[in-house]
>>> print(open('model_19.cif').read())   # mmCIF, C-alpha atoms
data_run
#
loop_
_atom_site.label_atom_id
_atom_site.label_comp_id
_atom_site.auth_asym_id
_atom_site.auth_seq_id
_atom_site.Cartn_x
_atom_site.Cartn_y
_atom_site.Cartn_z
CA MET N 1 26.95 -80.66 -14.26
CA MET N 2 28.71 -82.12 -11.27
CA ALA N 3 29.02 -78.68 -9.66
CA LEU N 4 25.34 -78.07 -10.22
CA THR N 5 24.52 -81.37 -8.55
CA GLU N 6 26.67 -80.47 -5.55
CA ARG N 7 25.10 -77.04 -5.09
CA GLN N 8 21.56 -78.34 -5.30
CA PRO N 9 21.45 -80.00 -1.83
CA GLN N 10 22.83 -76.82 -0.26
CA SER N 11 20.06 -74.72 -1.78
CA GLU N 12 17.52 -77.26 -0.63
CA LYS N 13 18.91 -77.00 2.92
CA LYS N 14 18.63 -73.20 2.83
CA ALA N 15 15.07 -73.45 1.60
CA ALA N 16 14.23 -75.92 4.36
CA ARG N 17 15.87 -73.67 6.91
CA ALA N 18 13.91 -70.63 5.76
CA ARG N 19 10.57 -72.45 5.71
CA PRO N 20 8.24 -70.76 8.27
CA MET N 21 6.53 -72.73 11.04
CA SER N 22 3.04 -73.86 10.44
CA ALA N 23 0.17 -72.11 12.15
CA LYS N 24 -0.54 -75.26 14.13
CA THR N 25 3.01 -75.31 15.49
CA VAL N 26 2.78 -71.64 16.51
CA VAL N 27 -0.50 -72.28 18.35
CA VAL N 28 0.97 -75.31 20.15
CA LEU N 29 4.04 -73.34 21.21
CA CYS N 30 1.90 -70.44 22.44
CA ALA N 31 -0.34 -72.78 24.40
CA THR N 32 2.62 -74.62 25.92
CA SER N 33 4.37 -71.43 26.99
CA PHE N 34 1.10 -70.05 28.36
CA PHE N 35 0.45 -73.05 30.60
CA VAL N 36 4.08 -73.25 31.72
CA GLY N 37 3.87 -69.56 32.62
CA LEU N 38 0.74 -70.22 34.65
CA LEU N 39 2.43 -73.05 36.51
CA LEU N 40 5.53 -70.98 37.28
CA SER N 41 3.60 -67.91 38.42
CA GLY N 42 1.17 -69.86 40.57
CA ARG N 43 -1.88 -68.65 38.67
CA MET N 44 -3.57 -72.01 38.05
CA THR N 45 -6.50 -70.70 40.04
CA LEU N 46 -7.48 -68.83 36.89
CA LEU N 47 -8.36 -72.19 35.31
CA MET N 48 -10.59 -73.29 38.17
CA PRO N 49 -14.36 -73.12 37.60
CA PRO N 50 -16.18 -70.10 39.07
CA PRO N 51 -17.87 -70.57 42.41
CA SER N 52 -21.28 -69.78 40.96
CA GLY N 53 -22.93 -72.62 39.08
CA SER N 54 -24.72 -70.30 36.66
CA VAL N 55 -24.18 -70.63 32.93
CA GLY N 56 -23.48 -66.89 32.68
CA ALA N 57 -20.70 -67.07 35.21
CA ALA N 58 -19.20 -70.10 33.48
CA SER N 59 -19.31 -68.52 30.06
CA SER N 60 -17.83 -65.30 31.49
CA GLY N 61 -14.93 -67.22 33.05
CA HIS N 62 -14.42 -69.15 29.81
CA GLY N 63 -14.33 -65.90 27.86
CA SER N 64 -11.81 -64.30 30.23
CA ARG N 65 -9.56 -67.35 29.94
CA LEU N 66 -9.73 -67.19 26.15
CA SER N 67 -8.97 -63.47 26.29
CA LEU N 68 -6.00 -64.05 28.58
CA PHE N 69 -4.72 -66.81 26.33
CA SER N 70 -5.14 -64.63 23.24
CA ASP N 71 -3.43 -61.64 24.88
CA ASP N 72 -0.49 -63.78 25.96
CA CYS N 73 0.01 -65.21 22.46
CA GLU N 74 -0.35 -61.78 20.88
CA HIS N 75 2.18 -60.31 23.36
CA ARG N 76 4.70 -63.05 22.56
CA HIS N 77 4.12 -62.61 18.84
CA LYS N 78 4.81 -58.86 19.13
CA LEU N 79 8.02 -59.53 21.02
CA GLU N 80 9.17 -61.96 18.30
CA GLU N 81 8.53 -59.34 15.60
CA GLY N 82 9.76 -56.33 17.64
CA ASN N 83 13.22 -54.85 17.81
CA PRO N 84 15.91 -56.01 20.28
CA ASN N 85 15.33 -52.98 22.52
CA ASP N 86 11.75 -54.09 23.22
CA ILE N 87 12.98 -57.54 24.18
CA MET N 88 15.68 -56.11 26.46
CA ASN N 89 13.14 -53.82 28.12
CA GLU N 90 10.89 -56.80 28.73
CA VAL N 91 13.79 -58.77 30.20
CA SER N 92 14.70 -55.81 32.43
CA ARG N 93 11.12 -55.47 33.71
CA THR N 94 10.96 -59.20 34.38
CA HIS N 95 14.26 -59.06 36.27
CA GLN N 96 12.99 -56.17 38.42
CA ALA N 97 9.76 -58.05 39.14
CA ILE N 98 11.73 -61.13 40.21
CA GLN N 99 13.92 -59.00 42.49
CA SER N 100 10.86 -57.42 44.07
CA LEU N 101 9.26 -60.84 44.57
CA ASP N 102 12.48 -62.18 46.11
CA LYS N 103 12.53 -59.21 48.49
CA SER N 104 8.90 -59.81 49.49
CA VAL N 105 9.44 -63.52 50.07
CA SER N 106 12.58 -62.86 52.11
CA SER N 107 10.78 -60.29 54.26
CA LEU N 108 7.83 -62.63 54.84
CA GLU N 109 10.14 -65.47 55.82
CA MET N 110 11.92 -63.25 58.31
CA GLU N 111 8.64 -61.92 59.74
CA LEU N 112 7.44 -65.48 60.26
CA ALA N 113 10.73 -66.41 61.90
CA VAL N 114 10.56 -63.38 64.19
CA GLU N 115 7.00 -64.19 65.27
CA ARG N 116 7.96 -67.83 65.85
CA ALA N 117 10.94 -66.75 67.95
CA LYS N 118 8.74 -64.37 69.98
CA GLN N 119 6.28 -67.15 70.73
CA ASN N 120 9.11 -69.47 71.79
CA GLY N 121 10.70 -66.77 73.93
CA GLY N 122 13.88 -66.74 71.86
CA LEU N 123 13.89 -63.26 70.40
CA GLY N 124 15.61 -61.51 73.26
CA ALA N 125 14.39 -58.06 72.25
CA ALA N 126 15.19 -55.25 74.64
CA VAL N 127 12.03 -53.37 73.67
CA PRO N 128 9.39 -55.94 72.71
CA SER N 129 6.36 -54.74 70.82
CA LYS N 130 2.92 -55.06 72.34
CA ARG N 131 1.36 -58.42 71.73
CA GLY N 132 -0.93 -58.47 68.73
CA ARG N 133 0.30 -55.11 67.41
CA ARG N 134 2.75 -54.57 64.61
CA PRO N 135 5.55 -52.06 65.25
CA PRO N 136 5.03 -48.70 63.49
CA ARG N 137 6.24 -48.54 59.88
CA ALA N 138 9.34 -46.57 58.93
CA PHE N 139 11.69 -46.32 56.00
CA VAL N 140 14.91 -46.18 58.01
CA VAL N 141 15.94 -46.23 61.65
CA ILE N 142 19.20 -44.34 62.26
CA GLY N 143 20.80 -45.28 65.56
CA ILE N 144 23.59 -42.94 66.68
CA ASN N 145 25.99 -44.82 68.92
CA THR N 146 26.87 -42.64 71.92
CA ALA N 147 28.29 -42.86 75.44
CA PHE N 148 27.68 -41.29 78.85
CA SER N 149 30.63 -38.94 78.42
CA SER N 150 29.55 -37.71 74.97
CA LYS N 151 26.94 -35.06 75.77
CA LYS N 152 28.91 -32.35 73.97
CA ARG N 153 29.07 -34.56 70.87
CA ARG N 154 25.33 -35.12 70.99
CA ASP N 155 24.71 -31.39 71.32
CA SER N 156 26.98 -30.71 68.34
CA LEU N 157 24.85 -33.07 66.24
CA ARG N 158 21.60 -31.51 67.45
CA GLU N 159 22.95 -28.13 66.40
CA THR N 160 23.75 -29.42 62.89
CA TRP N 161 22.24 -32.49 61.20
CA VAL N 162 20.03 -34.13 63.87
CA PRO N 163 16.53 -32.56 63.95
CA ARG N 164 15.12 -31.49 67.30
CA GLY N 165 11.69 -31.33 68.88
CA GLU N 166 8.79 -31.01 66.46
CA ARG N 167 11.01 -31.42 63.39
CA LEU N 168 12.26 -34.77 64.71
CA ARG N 169 8.69 -35.96 65.23
CA ARG N 170 7.56 -34.73 61.79
CA LEU N 171 10.52 -36.39 60.10
CA GLU N 172 9.48 -39.68 61.63
CA GLU N 173 5.77 -39.37 60.90
CA GLU N 174 5.92 -37.78 57.43
CA LYS N 175 9.08 -39.30 55.96
CA GLY N 176 9.50 -42.50 57.94
CA VAL N 177 13.01 -41.46 59.06
CA VAL N 178 13.66 -42.29 62.71
CA VAL N 179 16.76 -40.79 64.38
CA ARG N 180 17.79 -41.78 67.91
CA PHE N 181 20.87 -41.64 70.13
CA VAL N 182 21.51 -45.22 71.25
CA ILE N 183 22.81 -45.92 74.75
CA GLY N 184 22.58 -48.64 77.39
CA HIS N 185 22.92 -48.32 81.14
CA SER N 186 25.83 -48.11 83.55
CA ALA N 187 27.24 -50.98 85.60
CA THR N 188 25.19 -49.61 88.50
CA PRO N 189 21.70 -49.03 87.06
CA GLY N 190 19.99 -45.98 88.48
CA GLY N 191 23.26 -44.27 89.33
CA ALA N 192 24.36 -40.74 88.48
CA LEU N 193 25.23 -41.57 84.86
CA ASP N 194 21.82 -43.09 84.18
CA ARG N 195 20.01 -40.22 85.89
CA ALA N 196 21.88 -37.72 83.72
CA ILE N 197 20.70 -39.52 80.56
CA ASP N 198 17.15 -39.66 81.95
CA ALA N 199 17.18 -35.88 82.45
CA GLU N 200 18.62 -35.25 78.99
CA ASP N 201 16.07 -37.56 77.37
CA ALA N 202 13.21 -35.86 79.20
CA GLU N 203 14.27 -32.65 77.50
CA THR N 204 15.16 -33.89 74.00
CA ARG N 205 13.10 -37.09 73.53
CA ASP N 206 15.69 -38.48 71.10
CA PHE N 207 17.18 -41.47 72.95
CA MET N 208 16.82 -45.21 72.45
CA ARG N 209 17.68 -47.02 75.68
CA LEU N 210 19.08 -50.53 75.50
CA ASP N 211 19.23 -53.36 78.00
CA HIS N 212 23.02 -53.31 77.76
CA VAL N 213 25.93 -52.38 80.04
CA GLU N 214 27.96 -49.61 78.40
CA GLY N 215 31.68 -50.13 77.76
CA TYR N 216 34.10 -49.62 74.85
CA HIS N 217 34.97 -53.31 74.70
CA GLU N 218 31.28 -54.20 74.55
CA LEU N 219 30.52 -52.50 71.22
CA SER N 220 29.87 -55.81 69.41
CA SER N 221 27.33 -56.74 72.06
CA LYS N 222 25.79 -53.26 71.91
CA THR N 223 25.45 -53.45 68.12
CA ARG N 224 23.76 -56.82 68.37
CA THR N 225 21.38 -55.52 71.03
CA TYR N 226 20.65 -52.36 69.04
CA PHE N 227 19.49 -54.24 65.94
CA THR N 228 17.40 -56.59 68.08
CA ALA N 229 15.67 -53.72 69.87
CA ALA N 230 15.24 -51.64 66.70
CA VAL N 231 13.52 -54.51 64.85
CA ALA N 232 11.17 -55.00 67.79
CA THR N 233 10.37 -51.28 67.98
CA TRP N 234 10.05 -50.23 64.31
CA ASP N 235 9.14 -52.13 61.16
CA ALA N 236 11.65 -50.43 58.86
CA ASP N 237 13.18 -51.18 55.46
CA PHE N 238 16.67 -50.29 56.70
CA TYR N 239 18.51 -49.99 59.99
CA VAL N 240 21.57 -47.73 60.20
CA LYS N 241 24.29 -47.55 62.83
CA VAL N 242 26.43 -44.38 62.90
CA ASP N 243 28.93 -43.01 65.42
CA ASP N 244 28.34 -39.69 67.19
CA ASP N 245 31.46 -38.10 65.65
CA VAL N 246 30.33 -38.47 62.02
CA HIS N 247 28.61 -35.82 59.87
CA VAL N 248 25.57 -37.13 57.98
CA ASN N 249 23.38 -35.61 55.28
CA LEU N 250 20.02 -37.26 55.97
CA GLY N 251 18.54 -36.45 52.56
CA MET N 252 21.44 -37.98 50.66
CA LEU N 253 21.60 -41.01 52.97
CA THR N 254 17.91 -41.82 52.57
CA SER N 255 18.04 -41.21 48.81
CA ARG N 256 20.92 -43.66 48.41
CA LEU N 257 19.26 -46.30 50.55
CA ALA N 258 16.05 -45.93 48.51
CA ARG N 259 17.97 -47.34 45.51
CA TYR N 260 18.21 -50.71 47.26
CA ARG N 261 14.70 -50.80 48.65
CA THR N 262 13.49 -53.64 46.41
CA ARG N 263 16.57 -55.81 46.89
CA PRO N 264 16.67 -58.52 49.55
CA ARG N 265 19.46 -58.92 52.13
CA VAL N 266 21.42 -55.70 51.49
CA TYR N 267 24.49 -54.61 53.48
CA VAL N 268 25.55 -51.04 52.63
CA GLY N 269 28.71 -49.25 53.68
CA CYS N 270 32.31 -48.48 52.77
CA MET N 271 33.74 -51.96 52.39
CA LYS N 272 37.28 -52.57 53.57
CA SER N 273 39.62 -55.44 54.39
CA GLY N 274 42.12 -54.29 57.01
CA PRO N 275 44.97 -56.27 58.56
CA VAL N 276 44.32 -58.63 61.48
CA LEU N 277 46.41 -57.14 64.30
CA SER N 278 47.84 -59.84 66.53
CA GLN N 279 50.15 -57.60 68.60
CA LYS N 280 48.89 -56.94 72.10
CA GLY N 281 48.55 -53.34 73.19
CA VAL N 282 47.89 -51.85 69.76
CA LYS N 283 44.60 -50.21 68.82
CA TYR N 284 42.12 -52.64 67.23
CA HIS N 285 44.05 -55.65 68.55
CA GLU N 286 42.31 -58.90 67.60
CA PRO N 287 42.65 -61.48 70.42
CA GLU N 288 41.24 -64.18 68.14
CA TYR N 289 43.66 -63.43 65.32
CA TRP N 290 44.46 -67.12 64.86
CA LYS N 291 40.94 -67.71 63.54
CA PHE N 292 41.75 -65.62 60.47
CA GLY N 293 44.66 -67.74 59.30
CA ASP N 294 48.40 -67.17 59.45
CA GLU N 295 49.92 -64.04 60.92
CA GLY N 296 49.75 -61.11 58.50
CA ASN N 297 46.39 -62.07 57.03
CA ARG N 298 43.60 -59.59 56.40
CA TYR N 299 39.94 -59.59 57.42
CA PHE N 300 37.16 -60.53 55.02
CA ARG N 301 35.34 -57.62 53.35
CA HIS N 302 33.13 -55.71 55.76
CA ALA N 303 31.74 -52.19 56.15
CA THR N 304 33.80 -49.74 58.16
CA GLY N 305 32.28 -49.15 61.57
CA GLN N 306 31.68 -45.37 61.40
CA ILE N 307 28.41 -45.86 59.48
CA TYR N 308 26.65 -48.74 57.74
CA ALA N 309 23.13 -49.93 56.95
CA ILE N 310 21.46 -53.32 56.71
CA SER N 311 18.06 -54.24 55.33
CA LYS N 312 15.17 -55.44 57.45
CA ASP N 313 15.65 -59.15 56.75
CA LEU N 314 19.29 -59.03 57.91
CA ALA N 315 18.39 -57.10 61.06
CA SER N 316 15.71 -59.72 61.75
CA TYR N 317 18.28 -62.47 61.23
CA ILE N 318 20.52 -60.86 63.87
CA SER N 319 17.54 -60.48 66.20
CA ILE N 320 16.53 -64.13 65.88
CA ASN N 321 20.04 -65.56 66.21
CA ARG N 322 21.32 -63.07 68.76
CA PRO N 323 22.26 -65.64 71.46
CA ILE N 324 24.61 -67.59 69.16
CA LEU N 325 26.26 -64.80 67.17
CA HIS N 326 29.95 -64.66 68.02
CA ARG N 327 31.43 -61.29 69.03
CA PHE N 328 34.90 -60.34 67.90
CA ALA N 329 36.87 -57.48 69.46
CA ASN N 330 35.83 -54.99 66.75
CA GLU N 331 32.10 -54.44 66.17
CA ASP N 332 32.39 -53.83 62.41
CA VAL N 333 34.25 -57.15 62.06
CA SER N 334 31.57 -58.85 64.15
CA LEU N 335 28.78 -57.61 61.90
CA GLY N 336 30.70 -58.68 58.80
CA ALA N 337 31.22 -62.13 60.35
CA TRP N 338 27.51 -62.51 61.10
CA LEU N 339 26.67 -61.85 57.44
CA ILE N 340 29.61 -63.38 55.57
CA GLY N 341 28.06 -66.84 55.30
CA LEU N 342 24.65 -65.61 54.10
CA GLU N 343 23.30 -64.76 50.66
CA VAL N 344 23.95 -61.05 51.17
CA GLU N 345 24.55 -58.25 48.66
CA HIS N 346 27.54 -56.18 49.82
CA VAL N 347 27.15 -52.61 48.51
CA ASP N 348 30.37 -50.59 48.60
CA ASP N 349 29.01 -47.02 48.72
CA ARG N 350 31.89 -44.54 48.93
CA SER N 351 29.46 -41.66 49.53
CA LEU N 352 29.27 -42.95 53.10
CA CYS N 353 32.97 -42.32 53.80
CA CYS N 354 33.93 -38.95 52.37
CA ALA N 355 36.73 -37.08 54.10
CA THR N 356 36.12 -33.78 55.87
CA PRO N 357 36.77 -30.46 54.04
CA PRO N 358 38.12 -29.82 51.57
CA ASP N 359 37.12 -33.28 50.20
CA CYS N 360 33.37 -33.24 50.98
CA GLU N 361 33.22 -29.52 50.15
CA TRP N 362 34.70 -30.02 46.67
CA LYS N 363 32.32 -32.92 46.03
CA LYS N 364 29.37 -30.77 47.08
CA GLN N 365 30.46 -28.00 44.70
CA ALA N 366 30.69 -30.61 41.92
CA GLY N 367 27.10 -31.70 42.62
CA ASN N 368 28.03 -34.92 44.46
CA VAL N 369 26.87 -34.28 48.01
CA CYS N 370 28.28 -36.85 50.45
CA ALA N 371 26.01 -38.98 52.61
CA ALA N 372 28.56 -39.06 55.46
CA SER N 373 31.95 -37.50 56.22
CA PHE N 374 34.68 -38.19 58.77
CA ASP N 375 38.47 -38.39 59.18
CA TRP N 376 39.96 -41.84 58.65
CA SER N 377 42.92 -40.93 60.87
CA CYS N 378 40.61 -40.46 63.86
CA SER N 379 38.00 -43.12 62.92
CA GLY N 380 35.57 -40.21 63.07
CA ILE N 381 35.82 -36.44 62.86
CA CYS N 382 38.92 -35.27 64.70
CA LYS N 383 37.85 -32.86 67.48
CA SER N 384 34.27 -33.26 66.29
CA VAL N 385 32.71 -31.01 68.96
CA ASP N 386 34.77 -28.05 67.78
CA ARG N 387 34.53 -28.77 64.03
CA MET N 388 31.05 -30.19 63.44
CA ARG N 389 29.38 -26.83 62.79
CA ALA N 390 32.04 -25.76 60.25
CA ILE N 391 31.85 -29.12 58.46
CA HIS N 392 28.07 -28.88 58.32
CA SER N 393 28.33 -25.38 56.84
CA ALA N 394 30.83 -26.51 54.20
CA CYS N 395 29.43 -29.96 53.33
CA GLY N 396 25.79 -29.89 54.48
CA GLU N 397 23.06 -30.45 51.91
CA GLY N 398 20.71 -27.80 53.33
CA ASP N 399 17.97 -28.15 55.92
CA GLY N 400 15.22 -28.86 53.39
CA ALA N 401 16.95 -31.68 51.47
CA VAL N 402 15.54 -34.56 53.48
CA TRP N 403 12.03 -33.09 53.08
CA ASN N 404 12.27 -32.37 49.35
CA ASN N 405 14.44 -35.15 47.92
CA PHE N 406 12.95 -38.21 49.53
CA ALA N 407 9.43 -39.61 49.16
CA ALA N 408 7.65 -40.60 52.34
CA ALA N 409 7.79 -44.26 53.28
CA ALA N 410 4.61 -46.25 52.79
CA ALA N 411 2.59 -46.55 55.94
#
>>> encode(input="model_19.cif", output="structure tokens")
Amino acid sequence: MMALTERQPQSEKKAARARPMSAKTVVVLCATSFFVGLLLSGRMTLLMPPPSGSVGAASSGHGSRLSLFSDDCEHRHKLEEGNPNDIMNEVSRTHQAIQSLDKSVSSLEMELAVERAKQNGGLGAAVPSKRGRRPPRAFVVIGINTAFSSKKRRDSLRETWVPRGERLRRLEEEKGVVVRFVIGHSATPGGALDRAIDAEDAETRDFMRLDHVEGYHELSSKTRTYFTAAVATWDADFYVKVDDDVHVNLGMLTSRLARYRTRPRVYVGCMKSGPVLSQKGVKYHEPEYWKFGDEGNRYFRHATGQIYAISKDLASYISINRPILHRFANEDVSLGAWLIGLEVEHVDDRSLCCATPPDCEWKKQAGNVCAASFDWSCSGICKSVDRMRAIHSACGEGDGAVWNNFAAAAA
């Protein structure tokens, strides 16, 4: 009898626990969640009276609000009764929508900041856009860093992965892919070096000229100027910097960047953390080594300098803050330093740093075409002028890949 008495409260608790909610409670919960959702999504305008004072318009608005309320409750009820997969799909769609909204807000904030900087004279763009006109839309701007002495390198790229003439123009107009060789001017503007580039550009029409004095130890400054000028010239989703001794598959590069199109503040490349070299006279010596801690320390994670991409909002950030961005000896370290303190997504994409054949060739045969290939030992392709054509033949994706595998950017 005692045992029966002890078990009775437990059964009563189970019964109380299993008792379903009343219909009134369900309605209250639905209504509460509905109005909270309206507040969070900024849709309270739906509850405002229609502009027309007619009874028909009022009753129509009242009916649409009831319908929206009913649909919302019914949708929530279905999710409660559905299987876990439906709930997870709904969560995934919501997460994607939030990411897209975050990207849009970030882009709008940067556009406002850019316009404000232009009005205040603080943008410092080398190629300012015409007042009142937006720069032309593009998906990606690919700036190929080059020098006065690198004509043979440029020609080797034009003979392989860089389109020429009408194909270059069509790629830009139909696919939103802009490709330019990026170069500044000599210490004596208008001299023989500048005239040679002028003549080459008149023939090829594939240069982007910067208000920058060329020099190996000025690469950080050149990178900063490039992003500033590119943002002022094209309204793109991504901006890429690549060296002129790197092999690139444009179709694979654009396809990989398209994966991150809806994400805000994206920094894509082969992330590394090399040693800070304090010894004078060695390659990649860092004069400001003491800023990175004790001797023997390593740099923070940053993309290797042969090729990397940043999203529009980050390029705009560099453009706006150009005068106060510190330049370290190595341009890839400088870019990493500019972004390290921001809310940035670092994407370590190893397809951007494949080795030259046989590595990229084997990967191509396995169905994993590389976006970019070079030799780590040379910080680019060793003897690139002599080898670029063979590498393109072994590791190239085919001339039609960029046209067939990538959807055109929205105008």
>>> resolve_selection(input="model_19.cif", expression="the PyMOL selection byres ((chain N and resi 147-150) around 9)", output="compact mmCIF listing (two decimals) with C-alpha atoms, keeping the file's coordinate frame")
# COMPACT_ATOMS: atom_id res chain seq x y z
CA ASN N 145 25.99 -44.82 68.92
CA THR N 146 26.87 -42.64 71.92
CA LYS N 151 26.94 -35.06 75.77
CA LYS N 152 28.91 -32.35 73.97
CA ARG N 153 29.07 -34.56 70.87
CA ARG N 154 25.33 -35.12 70.99
CA ASP N 155 24.71 -31.39 71.32
CA VAL N 182 21.51 -45.22 71.25
CA ILE N 183 22.81 -45.92 74.75
CA GLY N 184 22.58 -48.64 77.39
CA HIS N 185 22.92 -48.32 81.14
CA SER N 186 25.83 -48.11 83.55
CA LEU N 193 25.23 -41.57 84.86
CA ASP N 194 21.82 -43.09 84.18
CA ALA N 196 21.88 -37.72 83.72
CA ILE N 197 20.70 -39.52 80.56
CA GLU N 214 27.96 -49.61 78.40
CA GLY N 215 31.68 -50.13 77.76
CA TYR N 216 34.10 -49.62 74.85
CA ASP N 244 28.34 -39.69 67.19
>>> resolve_selection(input="model_19.cif", expression="the PyMOL selection byres ((chain N and resi 361) around 12)", output="number ranges by chain")
N: 354-360, 362-370, 372-373, 390-397
>>> write_last_selection(input="model_19.cif", atoms="C-alpha atoms", output="mmCIF file, in the frame of the given file")
data_model
loop_
_atom_site.group_PDB
_atom_site.id
_atom_site.type_symbol
_atom_site.label_atom_id
_atom_site.label_comp_id
_atom_site.auth_asym_id
_atom_site.auth_seq_id
_atom_site.Cartn_x
_atom_site.Cartn_y
_atom_site.Cartn_z
ATOM 1 C CA CYS N 354 33.930 -38.950 52.370
ATOM 2 C CA ALA N 355 36.730 -37.080 54.100
ATOM 3 C CA THR N 356 36.120 -33.780 55.870
ATOM 4 C CA PRO N 357 36.770 -30.460 54.040
ATOM 5 C CA PRO N 358 38.120 -29.820 51.570
ATOM 6 C CA ASP N 359 37.120 -33.280 50.200
ATOM 7 C CA CYS N 360 33.370 -33.240 50.980
ATOM 8 C CA TRP N 362 34.700 -30.020 46.670
ATOM 9 C CA LYS N 363 32.320 -32.920 46.030
ATOM 10 C CA LYS N 364 29.370 -30.770 47.080
ATOM 11 C CA GLN N 365 30.460 -28.000 44.700
ATOM 12 C CA ALA N 366 30.690 -30.610 41.920
ATOM 13 C CA GLY N 367 27.100 -31.700 42.620
ATOM 14 C CA ASN N 368 28.030 -34.920 44.460
ATOM 15 C CA VAL N 369 26.870 -34.280 48.010
ATOM 16 C CA CYS N 370 28.280 -36.850 50.450
ATOM 17 C CA ALA N 372 28.560 -39.060 55.460
ATOM 18 C CA SER N 373 31.950 -37.500 56.220
ATOM 19 C CA ALA N 390 32.040 -25.760 60.250
ATOM 20 C CA ILE N 391 31.850 -29.120 58.460
ATOM 21 C CA HIS N 392 28.070 -28.880 58.320
ATOM 22 C CA SER N 393 28.330 -25.380 56.840
ATOM 23 C CA ALA N 394 30.830 -26.510 54.200
ATOM 24 C CA CYS N 395 29.430 -29.960 53.330
ATOM 25 C CA GLY N 396 25.790 -29.890 54.480
ATOM 26 C CA GLU N 397 23.060 -30.450 51.910
#
>>> closest_residue(input="model_19.cif", among="N:Leu314, N:Ala401, N:Ile307, N:Val177", to="Pro264 of chain N", atoms="all atoms listed in the file")
N:Leu314
>>> closest_residue(input="model_19.cif", among="N:Glu174, N:Asp243, N:Asp332, N:Glu203", to="Lys272 of chain N", atoms="all atoms listed in the file")
N:Asp332
>>> resolve_selection(input="model_19.cif", expression="the PyMOL selection byres ((chain N and resi 300) around 9)", output="PyMOL selection string")
chain N and resi 272-274+292+298-299+301-302+333+336-337+340
>>> closest_residue(input="model_19.cif", among="N:Thr160, N:Ser221, N:Thr304, N:Ser351", to="Phe328 of chain N", atoms="all atoms listed in the file")
N:Ser221
>>> residues_around(input="model_19.cif", residues="Lys312 of chain N", least_positions_apart="2", cutoff="7 Å", atoms="all atoms listed in the file", output="PDB file with C-alpha atoms, in the coordinates of the input")
ATOM      1  CA  ALA N 236      11.650 -50.430  58.860  1.00  0.00           C
ATOM      2  CA  ASP N 237      13.180 -51.180  55.460  1.00  0.00           C
ATOM      3  CA  PHE N 238      16.670 -50.290  56.700  1.00  0.00           C
ATOM      4  CA  TYR N 239      18.510 -49.990  59.990  1.00  0.00           C
ATOM      5  CA  ILE N 310      21.460 -53.320  56.710  1.00  0.00           C
ATOM      6  CA  LEU N 314      19.290 -59.030  57.910  1.00  0.00           C
ATOM      7  CA  ALA N 315      18.390 -57.100  61.060  1.00  0.00           C
ATOM      8  CA  SER N 316      15.710 -59.720  61.750  1.00  0.00           C
TER       9      SER N 316
END
>>> closest_residue(input="model_19.cif", among="N:Lys241, N:Arg322, N:Arg137, N:Arg93", to="Thr228 of chain N", atoms="all atoms listed in the file")
N:Arg322
>>> residues_around(input="model_19.cif", residues="Ala371 of chain N", least_positions_apart="2", cutoff="6 Å", atoms="all atoms listed in the file", output="ChimeraX atom specification")
/N:248-249,252-253,351-352
>>> atom_distance(input="model_19.cif", atom1="atom CA of Met388 of chain N", atom2="atom CA of Val240 of chain N")
20.2 Å
>>> closest_residue(input="model_19.cif", among="N:Gly190, N:Gly293, N:Gly165, N:Gly281", to="Thr204 of chain N", atoms="all atoms listed in the file")
N:Gly165
>>> atom_distance(input="model_19.cif", atom1="atom CA of Val347 of chain N", atom2="atom CA of Gly269 of chain N")
6.4 Å
>>> atom_distance(input="model_19.cif", atom1="atom CA of His247 of chain N", atom2="atom CA of Ile318 of chain N")
26.6 Å
>>> closest_residue(input="model_19.cif", among="N:Asp198, N:Arg205, N:Val178, N:His285", to="Arg164 of chain N", atoms="only C-alpha atoms")
N:Arg205
